[in-house]
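Data file: final-v5.cif. Format and content: mmCIF, C-alpha atoms.
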```cif
data_query
#
loop_
_atom_site.label_atom_id
_atom_site.label_comp_id
_atom_site.auth_asym_id
_atom_site.auth_seq_id
_atom_site.Cartn_x
_atom_site.Cartn_y
_atom_site.Cartn_z
CA MET A 1 80.20 88.00 95.17
CA GLU A 2 80.48 91.57 96.40
CA LEU A 3 84.08 92.53 97.19
CA ILE A 4 83.60 96.20 98.12
CA ARG A 5 80.63 98.09 99.51
CA ILE A 6 80.95 101.80 100.22
CA LYS A 7 78.16 103.95 101.67
CA ASN A 8 78.16 107.74 101.93
CA LEU A 9 81.95 107.88 102.02
CA SER A 10 83.40 111.39 102.32
CA ARG A 11 86.92 112.74 102.70
CA TYR A 12 87.46 116.36 103.69
CA PHE A 13 90.73 118.24 103.94
CA GLY A 14 91.19 121.45 105.92
CA GLN A 15 88.66 123.13 108.18
CA GLY A 16 86.13 125.95 108.14
CA GLU A 17 86.29 128.20 105.10
CA HIS A 18 89.37 126.31 103.92
CA GLU A 19 87.62 122.93 103.93
CA VAL A 20 87.86 120.98 100.67
CA LYS A 21 85.52 118.07 99.89
CA ALA A 22 87.81 115.66 98.08
CA LEU A 23 85.10 112.96 98.23
CA ASP A 24 81.45 113.79 98.79
CA ASN A 25 79.07 110.97 99.81
CA ILE A 26 80.34 108.24 97.49
CA ASP A 27 78.22 105.09 97.15
CA LEU A 28 79.91 102.19 95.37
CA SER A 29 79.63 98.42 95.09
CA VAL A 30 82.31 96.33 93.38
CA LYS A 31 81.93 92.65 92.53
CA GLU A 32 84.76 90.16 92.44
CA GLY A 33 86.41 89.87 89.02
CA GLU A 34 85.45 93.32 87.73
CA ILE A 35 88.00 95.46 85.90
CA ILE A 36 87.02 99.07 86.52
CA ALA A 37 88.34 102.21 84.85
CA MET A 38 87.97 105.44 86.82
CA LEU A 39 87.90 108.71 84.88
CA GLY A 40 87.73 112.34 85.91
CA PRO A 41 89.59 115.65 85.67
CA SER A 42 92.50 116.48 87.96
CA GLY A 43 91.25 117.14 91.47
CA SER A 44 88.06 115.12 90.98
CA GLY A 45 88.90 112.72 93.83
CA LYS A 46 90.12 109.68 91.91
CA THR A 47 93.39 109.15 93.77
CA THR A 48 91.77 110.02 97.10
CA LEU A 49 89.17 107.32 96.53
CA LEU A 50 91.86 104.76 95.67
CA ASN A 51 93.75 105.72 98.82
CA CYS A 52 90.65 105.27 100.97
CA ILE A 53 89.88 101.93 99.32
CA SER A 54 93.45 100.74 99.98
CA ALA A 55 93.44 102.09 103.58
CA ILE A 56 96.37 104.37 102.80
CA ASP A 57 94.05 107.20 103.83
CA LYS A 58 91.12 107.38 106.25
CA PRO A 59 87.71 108.67 105.16
CA THR A 60 86.22 111.49 107.19
CA SER A 61 82.86 109.74 107.32
CA GLY A 62 80.90 106.90 105.76
CA GLU A 63 81.01 103.11 105.72
CA TYR A 64 83.46 100.84 103.91
CA TYR A 65 83.16 97.05 103.83
CA PHE A 66 85.65 94.70 102.18
CA ARG A 67 84.50 91.10 101.77
CA GLU A 68 81.65 91.95 104.16
CA GLN A 69 84.03 93.09 106.90
CA GLY A 70 84.48 96.66 108.08
CA VAL A 71 87.83 98.07 106.97
CA PRO A 72 90.03 99.30 109.85
CA ARG A 73 90.60 103.03 110.02
CA GLU A 74 91.67 103.78 113.60
CA LYS A 75 94.94 101.90 114.12
CA SER A 76 97.72 102.24 111.55
CA GLU A 77 98.96 98.71 112.30
CA GLU A 78 95.57 97.25 111.40
CA MET A 79 95.40 99.36 108.23
CA THR A 80 98.86 98.12 107.22
CA THR A 81 97.84 94.50 107.80
CA PHE A 82 94.71 95.02 105.71
CA ARG A 83 96.78 96.40 102.81
CA ARG A 84 99.37 93.63 103.01
CA GLU A 85 96.77 90.86 103.02
CA ASN A 86 94.34 92.25 100.44
CA ILE A 87 95.68 95.04 98.22
CA GLY A 88 98.11 95.41 95.34
CA TYR A 89 98.95 98.95 94.17
CA ILE A 90 100.67 99.96 90.92
CA PHE A 91 101.80 103.57 90.64
CA GLN A 92 102.72 105.80 87.72
CA PHE A 93 106.34 105.65 88.85
CA PHE A 94 107.57 102.09 88.99
CA ASN A 95 109.09 102.15 92.52
CA LEU A 96 111.36 99.19 91.85
CA LEU A 97 114.45 98.51 93.95
CA SER A 98 117.54 99.34 91.91
CA ASP A 99 119.72 96.58 93.41
CA LEU A 100 117.21 93.75 92.86
CA THR A 101 116.71 91.85 89.62
CA ALA A 102 113.20 91.31 88.28
CA LEU A 103 113.13 87.81 89.78
CA GLU A 104 114.49 88.96 93.14
CA TYR A 105 111.87 91.71 93.30
CA VAL A 106 109.01 89.27 92.69
CA LEU A 107 110.45 86.82 95.23
CA LEU A 108 110.71 89.63 97.78
CA LEU A 109 107.03 90.51 97.40
CA GLN A 110 106.17 86.83 97.68
CA GLN A 111 108.09 86.65 100.96
CA ILE A 112 106.36 89.74 102.32
CA SER A 113 103.08 87.93 101.68
CA GLY A 114 104.33 84.86 103.56
CA GLN A 115 105.34 82.69 100.62
CA SER A 116 108.33 81.98 98.40
CA ASN A 117 108.23 79.93 95.22
CA GLU A 118 110.83 80.60 92.55
CA GLU A 119 109.10 78.46 89.93
CA GLU A 120 105.88 80.40 90.41
CA ALA A 121 107.77 83.72 90.37
CA ARG A 122 109.34 82.82 87.03
CA SER A 123 105.94 81.78 85.70
CA ILE A 124 104.42 85.12 86.72
CA LEU A 125 107.23 87.03 85.00
CA ALA A 126 106.68 84.97 81.86
CA SER A 127 102.94 85.70 81.99
CA VAL A 128 103.64 89.44 81.73
CA GLY A 129 106.09 89.01 78.85
CA LEU A 130 109.39 89.00 80.76
CA GLU A 131 110.58 85.46 80.10
CA GLY A 132 114.36 85.58 79.69
CA MET A 133 114.63 88.91 81.55
CA GLU A 134 114.45 87.51 85.09
CA ASP A 135 118.05 88.46 85.94
CA ARG A 136 117.92 92.03 84.66
CA PHE A 137 118.10 95.04 86.95
CA PRO A 138 115.74 98.04 86.54
CA SER A 139 118.50 100.03 84.82
CA GLU A 140 118.63 97.32 82.15
CA LEU A 141 114.90 97.48 81.42
CA SER A 142 112.76 99.91 79.41
CA GLY A 143 109.95 101.86 81.06
CA GLY A 144 107.36 99.39 79.82
CA GLU A 145 109.42 96.44 81.04
CA GLN A 146 109.82 98.03 84.46
CA GLN A 147 106.07 98.48 84.72
CA ARG A 148 105.64 94.80 83.81
CA VAL A 149 107.94 93.92 86.72
CA ALA A 150 105.75 96.07 88.99
CA ILE A 151 102.65 94.22 87.73
CA ALA A 152 104.35 90.85 88.26
CA GLY A 153 105.32 91.81 91.80
CA ASN A 154 101.74 92.71 92.63
CA LEU A 155 100.43 89.49 91.08
CA ALA A 156 102.89 87.57 93.24
CA LYS A 157 101.20 88.97 96.34
CA LYS A 158 97.94 87.33 95.20
CA PRO A 159 95.81 90.32 96.25
CA HIS A 160 92.03 90.29 96.25
CA LEU A 161 92.13 93.81 94.75
CA LEU A 162 94.66 95.46 92.45
CA LEU A 163 94.70 99.26 92.17
CA GLY A 164 96.47 101.30 89.51
CA ASP A 165 96.98 105.07 89.64
CA GLU A 166 97.88 106.43 86.19
CA LEU A 167 100.01 103.32 85.76
CA THR A 168 100.73 104.08 82.09
CA GLY A 169 101.08 107.84 82.50
CA ASN A 170 104.80 107.87 81.64
CA LEU A 171 104.60 105.43 78.72
CA ASP A 172 104.14 105.94 74.98
CA SER A 173 100.89 104.87 73.31
CA GLU A 174 102.13 101.51 71.99
CA THR A 175 103.72 100.54 75.31
CA THR A 176 100.54 101.65 77.08
CA ARG A 177 98.48 99.34 74.88
CA GLN A 178 100.82 96.43 75.59
CA ILE A 179 100.81 97.05 79.35
CA MET A 180 97.01 97.28 79.55
CA LYS A 181 96.58 94.07 77.56
CA VAL A 182 99.05 92.32 79.87
CA LEU A 183 97.32 93.70 82.97
CA SER A 184 93.76 92.84 81.93
CA LYS A 185 94.75 89.35 80.77
CA ALA A 186 96.72 88.61 83.95
CA CYS A 187 93.97 89.85 86.25
CA LYS A 188 91.40 87.69 84.46
CA GLU A 189 93.64 84.63 84.66
CA HIS A 190 94.36 85.16 88.36
CA GLY A 191 90.80 86.25 89.23
CA ILE A 192 91.93 89.60 90.63
CA THR A 193 89.48 92.50 90.84
CA THR A 194 91.06 95.64 89.39
CA ILE A 195 90.41 99.38 89.61
CA PHE A 196 92.62 101.72 87.61
CA VAL A 197 92.62 105.52 87.40
CA THR A 198 93.34 107.12 84.05
CA HIS A 199 92.99 110.37 82.11
CA ASP A 200 93.06 108.40 78.85
CA ARG A 201 89.51 107.52 77.81
CA SER A 202 90.80 105.03 75.21
CA LEU A 203 91.93 102.73 78.04
CA CYS A 204 88.29 102.14 78.97
CA LYS A 205 88.22 99.42 76.31
CA TYR A 206 90.12 97.25 78.78
CA ALA A 207 87.46 97.67 81.47
CA THR A 208 84.23 95.85 82.22
CA ARG A 209 82.92 98.96 83.98
CA VAL A 210 83.66 102.69 83.79
CA LEU A 211 83.24 105.18 86.65
CA LYS A 212 83.50 108.94 86.32
CA LEU A 213 84.17 111.34 89.19
CA ASP A 214 83.83 115.11 89.25
CA SER A 215 84.28 117.45 92.22
CA GLY A 216 84.41 114.50 94.60
CA ARG A 217 81.15 112.97 93.40
CA LEU A 218 80.50 109.79 91.44
CA ILE A 219 78.56 111.16 88.47
CA SER A 220 78.58 108.19 86.09
CA ASP A 221 78.70 104.39 86.37
CA GLU A 222 78.53 102.56 83.03
CA VAL A 223 79.18 99.14 81.54
CA GLY A 224 82.67 98.93 80.03
CA GLU A 225 83.50 97.69 76.55
CA MET A 226 85.08 94.44 77.78
CA ALA A 227 81.74 93.40 79.29
CA THR A 228 80.01 93.51 75.88
CA ALA A 229 80.03 91.04 73.02
CA SER A 230 81.33 93.66 70.59
CA GLY A 231 84.17 94.47 72.94
CA ALA A 232 85.16 90.82 73.21
CA VAL A 233 85.11 90.46 69.41
CA LYS A 234 87.22 93.60 69.01
CA SER A 235 89.75 92.28 71.50
CA ALA A 236 89.87 88.96 69.66
CA VAL A 237 90.50 90.75 66.36
CA GLU A 238 93.38 92.68 67.92
CA ASP A 239 94.89 89.42 69.14
CA ALA A 240 94.45 87.89 65.68
CA THR A 241 96.27 90.86 64.14
CA GLU A 242 99.17 90.36 66.53
CA LEU A 243 99.15 86.65 65.68
CA VAL A 244 99.58 87.41 61.98
CA LYS A 245 102.41 89.85 62.70
CA GLY A 246 104.16 87.36 64.99
CA GLY A 247 105.95 84.15 64.13
CA ILE A 248 104.88 80.54 64.49
CA SER A 249 105.76 80.34 68.18
CA LYS A 250 103.71 83.43 68.92
CA ALA A 251 100.80 82.03 66.92
CA GLU A 252 100.85 78.84 68.94
CA LYS A 253 100.65 80.80 72.17
CA MET A 254 97.86 83.10 71.05
CA LEU A 255 95.60 80.89 68.92
CA SER A 256 93.60 79.31 71.74
CA ASN A 257 93.09 82.73 73.35
CA VAL A 258 91.68 84.20 70.12
CA VAL A 259 89.34 81.25 69.54
CA ASN A 260 88.01 81.37 73.10
CA LYS A 261 87.31 85.10 72.90
CA VAL A 262 85.34 84.71 69.67
CA LYS A 263 83.36 81.79 71.09
CA ASP A 264 82.50 83.74 74.24
CA ALA A 265 81.47 86.78 72.21
CA ILE A 266 79.21 84.75 69.93
CA SER A 267 77.51 82.91 72.80
CA GLU A 268 76.92 86.19 74.65
CA LYS A 269 75.44 87.81 71.55
CA GLU A 270 73.08 84.87 71.11
#
```
Could I get this file's structure written as structure tokens?
Amino acid sequence: MELIRIKNLSRYFGQGEHEVKALDNIDLSVKEGEIIAMLGPSGSGKTTLLNCISAIDKPTSGEYYFREQGVPREKSEEMTTFRRENIGYIFQFFNLLSDLTALEYVLLLQQISGQSNEEEARSILASVGLEGMEDRFPSELSGGEQQRVAIAGNLAKKPHLLLGDELTGNLDSETTRQIMKVLSKACKEHGITTIFVTHDRSLCKYATRVLKLDSGRLISDEVGEMATASGAVKSAVEDATELVKGGISKAEKMLSNVVNKVKDAISEKE
């Protein structure tokens, strides 16, 4: 099912000779369940496009449909409601609340979305690798752990679409790898469509589709590695490597995931 349909979307800043075309006639269709990486140099329009998709910003012109409904752009109250009901957004800076524990933060975002379930909140934290850390404050967590809390909070909102803007930009390479594996796995399990902006081309291996922007234009739209059989096999091998490095308990948790990935890859290749 199509989640997003964008036609001739443009966003201009300034006027006259000072006018800047941040987005220039973007056409884009996104299906439910896709995990999309968005590449491009600084100033190419990546963040502006995310902001228009999330209704943080208003396009200058063009059409934008979300689940076959036009996205509000005139009244700020309607735009806020649209974001609250449909969008999760993970930023480069974690934006956690310093006086709330990881569990309290997830519960708060649940409540904002009209729900509250502590058992589910704990389960979400466990799914992103934070089991046993529920009562820790941000100051007691590493950068990677704080970003996991941010991911858990967004999952708790149960959004139709999760956006990430350089969400691993402040993390080292190993923590980045861990965060992206957690994110892609969680989004698949929860059926959440995901679009993330990055400067790091290596992160495209976690995507089913890769977009590239330049000077406000969409210049490339390609199949991502995770949508191919070879990509699935590679991911399974990485999981198997972690299984060997881990102990028995870790092996028990990961074995079924590895087997399923290999089976899916083989059937797709056939």
Work out where the centre of an axis-aligned box around every listed atom of range 186-189 of chain A lies and how long its edges are once 6 Å is added on each side; give both in Å to one decimal as lines of an AutoDock Vina configuration file.
```
center_x = 94.1
center_y = 87.2
center_z = 85.1
size_x = 17.3
size_y = 17.2
size_z = 14.3
```
Next item on the list: Decode the PyMOL selection byres ((chain A and resi 68-75) around 9) for the given file into explicit residues and return them as a ChimeraX atom specification.
Entry: /A:2-5,53,55,57-59,63-67,76-80,82
Output file for the selection above: C-alpha atoms, as a CSV table (one decimal), in the coordinates of the input:
```csv
chain,number,residue,atom,x,y,z
A,2,GLU,CA,80.5,91.6,96.4
A,3,LEU,CA,84.1,92.5,97.2
A,4,ILE,CA,83.6,96.2,98.1
A,5,ARG,CA,80.6,98.1,99.5
A,53,ILE,CA,89.9,101.9,99.3
A,55,ALA,CA,93.4,102.1,103.6
A,57,ASP,CA,94.0,107.2,103.8
A,58,LYS,CA,91.1,107.4,106.2
A,59,PRO,CA,87.7,108.7,105.2
A,63,GLU,CA,81.0,103.1,105.7
A,64,TYR,CA,83.5,100.8,103.9
A,65,TYR,CA,83.2,97.0,103.8
A,66,PHE,CA,85.6,94.7,102.2
A,67,ARG,CA,84.5,91.1,101.8
A,76,SER,CA,97.7,102.2,111.6
A,77,GLU,CA,99.0,98.7,112.3
A,78,GLU,CA,95.6,97.2,111.4
A,79,MET,CA,95.4,99.4,108.2
A,80,THR,CA,98.9,98.1,107.2
A,82,PHE,CA,94.7,95.0,105.7
```
Please identify all polymer residues within 12 Å of range 129-131 of chain A, counting all atoms listed in the file, omitting same-chain residues fewer than 5 positions from it, and present them as a PDB file with C-alpha atoms, in the frame of the given file.
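Saved as result.pdb:
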```pdb
ATOM      1  CA  THR A 101     116.710  91.850  89.620  1.00  0.00           C
ATOM      2  CA  ALA A 102     113.200  91.310  88.280  1.00  0.00           C
ATOM      3  CA  LEU A 103     113.130  87.810  89.780  1.00  0.00           C
ATOM      4  CA  VAL A 106     109.010  89.270  92.690  1.00  0.00           C
ATOM      5  CA  ALA A 121     107.770  83.720  90.370  1.00  0.00           C
ATOM      6  CA  ARG A 122     109.340  82.820  87.030  1.00  0.00           C
ATOM      7  CA  SER A 123     105.940  81.780  85.700  1.00  0.00           C
ATOM      8  CA  ILE A 124     104.420  85.120  86.720  1.00  0.00           C
ATOM      9  CA  ARG A 136     117.920  92.030  84.660  1.00  0.00           C
ATOM     10  CA  LEU A 141     114.900  97.480  81.420  1.00  0.00           C
ATOM     11  CA  SER A 142     112.760  99.910  79.410  1.00  0.00           C
ATOM     12  CA  GLY A 144     107.360  99.390  79.820  1.00  0.00           C
ATOM     13  CA  GLU A 145     109.420  96.440  81.040  1.00  0.00           C
ATOM     14  CA  GLN A 146     109.820  98.030  84.460  1.00  0.00           C
ATOM     15  CA  GLN A 147     106.070  98.480  84.720  1.00  0.00           C
ATOM     16  CA  ARG A 148     105.640  94.800  83.810  1.00  0.00           C
ATOM     17  CA  VAL A 149     107.940  93.920  86.720  1.00  0.00           C
ATOM     18  CA  ALA A 150     105.750  96.070  88.990  1.00  0.00           C
ATOM     19  CA  ILE A 151     102.650  94.220  87.730  1.00  0.00           C
ATOM     20  CA  ALA A 152     104.350  90.850  88.260  1.00  0.00           C
ATOM     21  CA  GLN A 178     100.820  96.430  75.590  1.00  0.00           C
ATOM     22  CA  ILE A 179     100.810  97.050  79.350  1.00  0.00           C
ATOM     23  CA  LYS A 181      96.580  94.070  77.560  1.00  0.00           C
ATOM     24  CA  VAL A 182      99.050  92.320  79.870  1.00  0.00           C
ATOM     25  CA  LEU A 183      97.320  93.700  82.970  1.00  0.00           C
ATOM     26  CA  LYS A 185      94.750  89.350  80.770  1.00  0.00           C
ATOM     27  CA  ALA A 186      96.720  88.610  83.950  1.00  0.00           C
ATOM     28  CA  LYS A 250     103.710  83.430  68.920  1.00  0.00           C
ATOM     29  CA  LYS A 253     100.650  80.800  72.170  1.00  0.00           C
TER      30      LYS A 253
END
```
Which residues of range 48-162 of chain A come within 9 Å of range 25-41 of chain A, and what is each one's closest atom pair and distance in Å (one decimal), counting all atoms listed in the file, sorted by chain and residue number, as a Markdown table?
```
| residue | atom | partner | partner_atom | distance |
| --- | --- | --- | --- | --- |
| A:Leu49 | CA | A:Ile26 | CA | 8.9 |
| A:Ser61 | CA | A:Asn25 | CA | 8.5 |
| A:Gly62 | CA | A:Asn25 | CA | 7.4 |
| A:His160 | CA | A:Glu32 | CA | 8.2 |
| A:Leu161 | CA | A:Glu32 | CA | 8.5 |
```
Checklist line | Selection result for the PyMOL selection byres ((chain A and resi 224) around 10) on this file, as JSON, numbers by chain | finding: {"A": [34, 35, 36, 37, 204, 205, 206, 207, 208, 209, 210, 211, 221, 222, 223, 225, 226, 227, 228, 231]}
Item checked: Resolved residues for the PyMOL selection byres ((chain A and resi 13) around 12) as a list of chain:residue names -> A:Ser10, A:Arg11, A:Tyr12, A:Gly14, A:Gln15, A:Gly16, A:Glu17, A:His18, A:Glu19, A:Val20, A:Lys21, A:Ala22, A:Leu23, A:Asp24, A:Gly45, A:Thr48, A:Asp57, A:Lys58, A:Pro59, A:Thr60, A:Gly216
Selection export as a CSV table (one decimal), keeping the file's coordinate frame, atoms kept: C-alpha atoms:
```
chain,number,residue,atom,x,y,z
A,10,SER,CA,83.4,111.4,102.3
A,11,ARG,CA,86.9,112.7,102.7
A,12,TYR,CA,87.5,116.4,103.7
A,14,GLY,CA,91.2,121.4,105.9
A,15,GLN,CA,88.7,123.1,108.2
A,16,GLY,CA,86.1,126.0,108.1
A,17,GLU,CA,86.3,128.2,105.1
A,18,HIS,CA,89.4,126.3,103.9
A,19,GLU,CA,87.6,122.9,103.9
A,20,VAL,CA,87.9,121.0,100.7
A,21,LYS,CA,85.5,118.1,99.9
A,22,ALA,CA,87.8,115.7,98.1
A,23,LEU,CA,85.1,113.0,98.2
A,24,ASP,CA,81.4,113.8,98.8
A,45,GLY,CA,88.9,112.7,93.8
A,48,THR,CA,91.8,110.0,97.1
A,57,ASP,CA,94.0,107.2,103.8
A,58,LYS,CA,91.1,107.4,106.2
A,59,PRO,CA,87.7,108.7,105.2
A,60,THR,CA,86.2,111.5,107.2
A,216,GLY,CA,84.4,114.5,94.6
```
Note to self: I want to know what sits within 10 Å of Tyr105 in chain A, based on all atoms listed in the file, with residues of the same chain fewer than 4 positions away left out; could you give that as a VMD selection string?
What the structure shows: chain A and resid 96 to 101 109 to 111 121 134 137 149 to 150 152 to 153 156
Margin query: Between CA of Phe91 in chain A and CA of Met1 in chain A, what is the distance in Å, rounded to a tenth?
Written below: 27.0 Å
Item checked: Separation of CA of Ser116 in chain A from CA of Gln92 in chain A in Å -> 26.7 Å
Would you mind completing range 58-89 of chain A so that it carries N, CA and C atoms, and writing it out as a PDB file, in the coordinates of the input?
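Full text of result-v4.pdb as output:
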```pdb
ATOM      1  N   LYS A  58      92.335 107.643 105.481  1.00  0.00           N
ATOM      2  CA  LYS A  58      91.120 107.380 106.250  1.00  0.00           C
ATOM      3  C   LYS A  58      90.009 108.312 105.789  1.00  0.00           C
ATOM      4  N   PRO A  59      88.827 107.780 105.494  1.00  0.00           N
ATOM      5  CA  PRO A  59      87.710 108.670 105.160  1.00  0.00           C
ATOM      6  C   PRO A  59      87.277 109.479 106.364  1.00  0.00           C
ATOM      7  N   THR A  60      86.736 110.654 106.109  1.00  0.00           N
ATOM      8  CA  THR A  60      86.220 111.490 107.190  1.00  0.00           C
ATOM      9  C   THR A  60      84.940 110.906 107.759  1.00  0.00           C
ATOM     10  N   SER A  61      84.118 110.355 106.885  1.00  0.00           N
ATOM     11  CA  SER A  61      82.860 109.740 107.320  1.00  0.00           C
ATOM     12  C   SER A  61      82.423 108.710 106.288  1.00  0.00           C
ATOM     13  N   GLY A  62      81.429 107.912 106.664  1.00  0.00           N
ATOM     14  CA  GLY A  62      80.900 106.900 105.760  1.00  0.00           C
ATOM     15  C   GLY A  62      81.296 105.498 106.161  1.00  0.00           C
ATOM     16  N   GLU A  63      80.767 104.524 105.428  1.00  0.00           N
ATOM     17  CA  GLU A  63      81.010 103.110 105.720  1.00  0.00           C
ATOM     18  C   GLU A  63      81.763 102.462 104.561  1.00  0.00           C
ATOM     19  N   TYR A  64      82.670 101.553 104.913  1.00  0.00           N
ATOM     20  CA  TYR A  64      83.460 100.840 103.910  1.00  0.00           C
ATOM     21  C   TYR A  64      83.613  99.388 104.357  1.00  0.00           C
ATOM     22  N   TYR A  65      83.084  98.472 103.530  1.00  0.00           N
ATOM     23  CA  TYR A  65      83.160  97.050 103.830  1.00  0.00           C
ATOM     24  C   TYR A  65      83.932  96.334 102.718  1.00  0.00           C
ATOM     25  N   PHE A  66      84.845  95.473 103.114  1.00  0.00           N
ATOM     26  CA  PHE A  66      85.650  94.700 102.180  1.00  0.00           C
ATOM     27  C   PHE A  66      85.437  93.227 102.498  1.00  0.00           C
ATOM     28  N   ARG A  67      84.867  92.500 101.548  1.00  0.00           N
ATOM     29  CA  ARG A  67      84.500  91.100 101.770  1.00  0.00           C
ATOM     30  C   ARG A  67      83.618  90.969 103.017  1.00  0.00           C
ATOM     31  N   GLU A  68      82.687  91.907 103.113  1.00  0.00           N
ATOM     32  CA  GLU A  68      81.650  91.950 104.160  1.00  0.00           C
ATOM     33  C   GLU A  68      82.195  92.279 105.545  1.00  0.00           C
ATOM     34  N   GLN A  69      83.444  92.698 105.621  1.00  0.00           N
ATOM     35  CA  GLN A  69      84.030  93.090 106.900  1.00  0.00           C
ATOM     36  C   GLN A  69      84.370  94.576 106.880  1.00  0.00           C
ATOM     37  N   GLY A  70      84.114  95.258 107.999  1.00  0.00           N
ATOM     38  CA  GLY A  70      84.480  96.660 108.080  1.00  0.00           C
ATOM     39  C   GLY A  70      85.980  96.841 107.966  1.00  0.00           C
ATOM     40  N   VAL A  71      86.405  97.821 107.176  1.00  0.00           N
ATOM     41  CA  VAL A  71      87.830  98.070 106.970  1.00  0.00           C
ATOM     42  C   VAL A  71      88.364  98.928 108.112  1.00  0.00           C
ATOM     43  N   PRO A  72      89.489  98.528 108.727  1.00  0.00           N
ATOM     44  CA  PRO A  72      90.030  99.300 109.850  1.00  0.00           C
ATOM     45  C   PRO A  72      90.437 100.702 109.429  1.00  0.00           C
ATOM     46  N   ARG A  73      90.217 101.651 110.317  1.00  0.00           N
ATOM     47  CA  ARG A  73      90.600 103.030 110.020  1.00  0.00           C
ATOM     48  C   ARG A  73      91.149 103.770 111.232  1.00  0.00           C
ATOM     49  N   GLU A  74      91.213 103.111 112.382  1.00  0.00           N
ATOM     50  CA  GLU A  74      91.670 103.780 113.600  1.00  0.00           C
ATOM     51  C   GLU A  74      93.142 103.521 113.887  1.00  0.00           C
ATOM     52  N   LYS A  75      93.572 102.265 113.777  1.00  0.00           N
ATOM     53  CA  LYS A  75      94.940 101.900 114.120  1.00  0.00           C
ATOM     54  C   LYS A  75      95.753 101.660 112.846  1.00  0.00           C
ATOM     55  N   SER A  76      96.896 102.352 112.758  1.00  0.00           N
ATOM     56  CA  SER A  76      97.720 102.240 111.550  1.00  0.00           C
ATOM     57  C   SER A  76      98.228 100.819 111.340  1.00  0.00           C
ATOM     58  N   GLU A  77      98.484 100.085 112.438  1.00  0.00           N
ATOM     59  CA  GLU A  77      98.960  98.710 112.300  1.00  0.00           C
ATOM     60  C   GLU A  77      97.906  97.835 111.624  1.00  0.00           C
ATOM     61  N   GLU A  78      96.647  98.036 111.995  1.00  0.00           N
ATOM     62  CA  GLU A  78      95.570  97.250 111.400  1.00  0.00           C
ATOM     63  C   GLU A  78      95.366  97.631 109.931  1.00  0.00           C
ATOM     64  N   MET A  79      95.519  98.913 109.616  1.00  0.00           N
ATOM     65  CA  MET A  79      95.400  99.360 108.230  1.00  0.00           C
ATOM     66  C   MET A  79      96.516  98.754 107.372  1.00  0.00           C
ATOM     67  N   THR A  80      97.731  98.704 107.938  1.00  0.00           N
ATOM     68  CA  THR A  80      98.860  98.120 107.220  1.00  0.00           C
ATOM     69  C   THR A  80      98.637  96.634 106.961  1.00  0.00           C
ATOM     70  N   THR A  81      98.133  95.930 107.957  1.00  0.00           N
ATOM     71  CA  THR A  81      97.840  94.500 107.800  1.00  0.00           C
ATOM     72  C   THR A  81      96.785  94.281 106.725  1.00  0.00           C
ATOM     73  N   PHE A  82      95.758  95.117 106.724  1.00  0.00           N
ATOM     74  CA  PHE A  82      94.710  95.020 105.710  1.00  0.00           C
ATOM     75  C   PHE A  82      95.295  95.177 104.314  1.00  0.00           C
ATOM     76  N   ARG A  83      96.158  96.171 104.129  1.00  0.00           N
ATOM     77  CA  ARG A  83      96.780  96.400 102.810  1.00  0.00           C
ATOM     78  C   ARG A  83      97.636  95.201 102.405  1.00  0.00           C
ATOM     79  N   ARG A  84      98.451  94.729 103.332  1.00  0.00           N
ATOM     80  CA  ARG A  84      99.370  93.630 103.010  1.00  0.00           C
ATOM     81  C   ARG A  84      98.616  92.372 102.609  1.00  0.00           C
ATOM     82  N   GLU A  85      97.500  92.103 103.253  1.00  0.00           N
ATOM     83  CA  GLU A  85      96.770  90.860 103.020  1.00  0.00           C
ATOM     84  C   GLU A  85      95.795  90.928 101.842  1.00  0.00           C
ATOM     85  N   ASN A  86      95.428  92.135 101.412  1.00  0.00           N
ATOM     86  CA  ASN A  86      94.340  92.250 100.440  1.00  0.00           C
ATOM     87  C   ASN A  86      94.624  93.071  99.192  1.00  0.00           C
ATOM     88  N   ILE A  87      95.573  94.011  99.259  1.00  0.00           N
ATOM     89  CA  ILE A  87      95.680  95.040  98.220  1.00  0.00           C
ATOM     90  C   ILE A  87      97.016  94.987  97.487  1.00  0.00           C
ATOM     91  N   GLY A  88      96.950  95.123  96.160  1.00  0.00           N
ATOM     92  CA  GLY A  88      98.110  95.410  95.340  1.00  0.00           C
ATOM     93  C   GLY A  88      97.947  96.820  94.781  1.00  0.00           C
ATOM     94  N   TYR A  89      99.052  97.551  94.613  1.00  0.00           N
ATOM     95  CA  TYR A  89      98.950  98.950  94.170  1.00  0.00           C
ATOM     96  C   TYR A  89     100.068  99.236  93.178  1.00  0.00           C
TER      97      TYR A  89
END
```
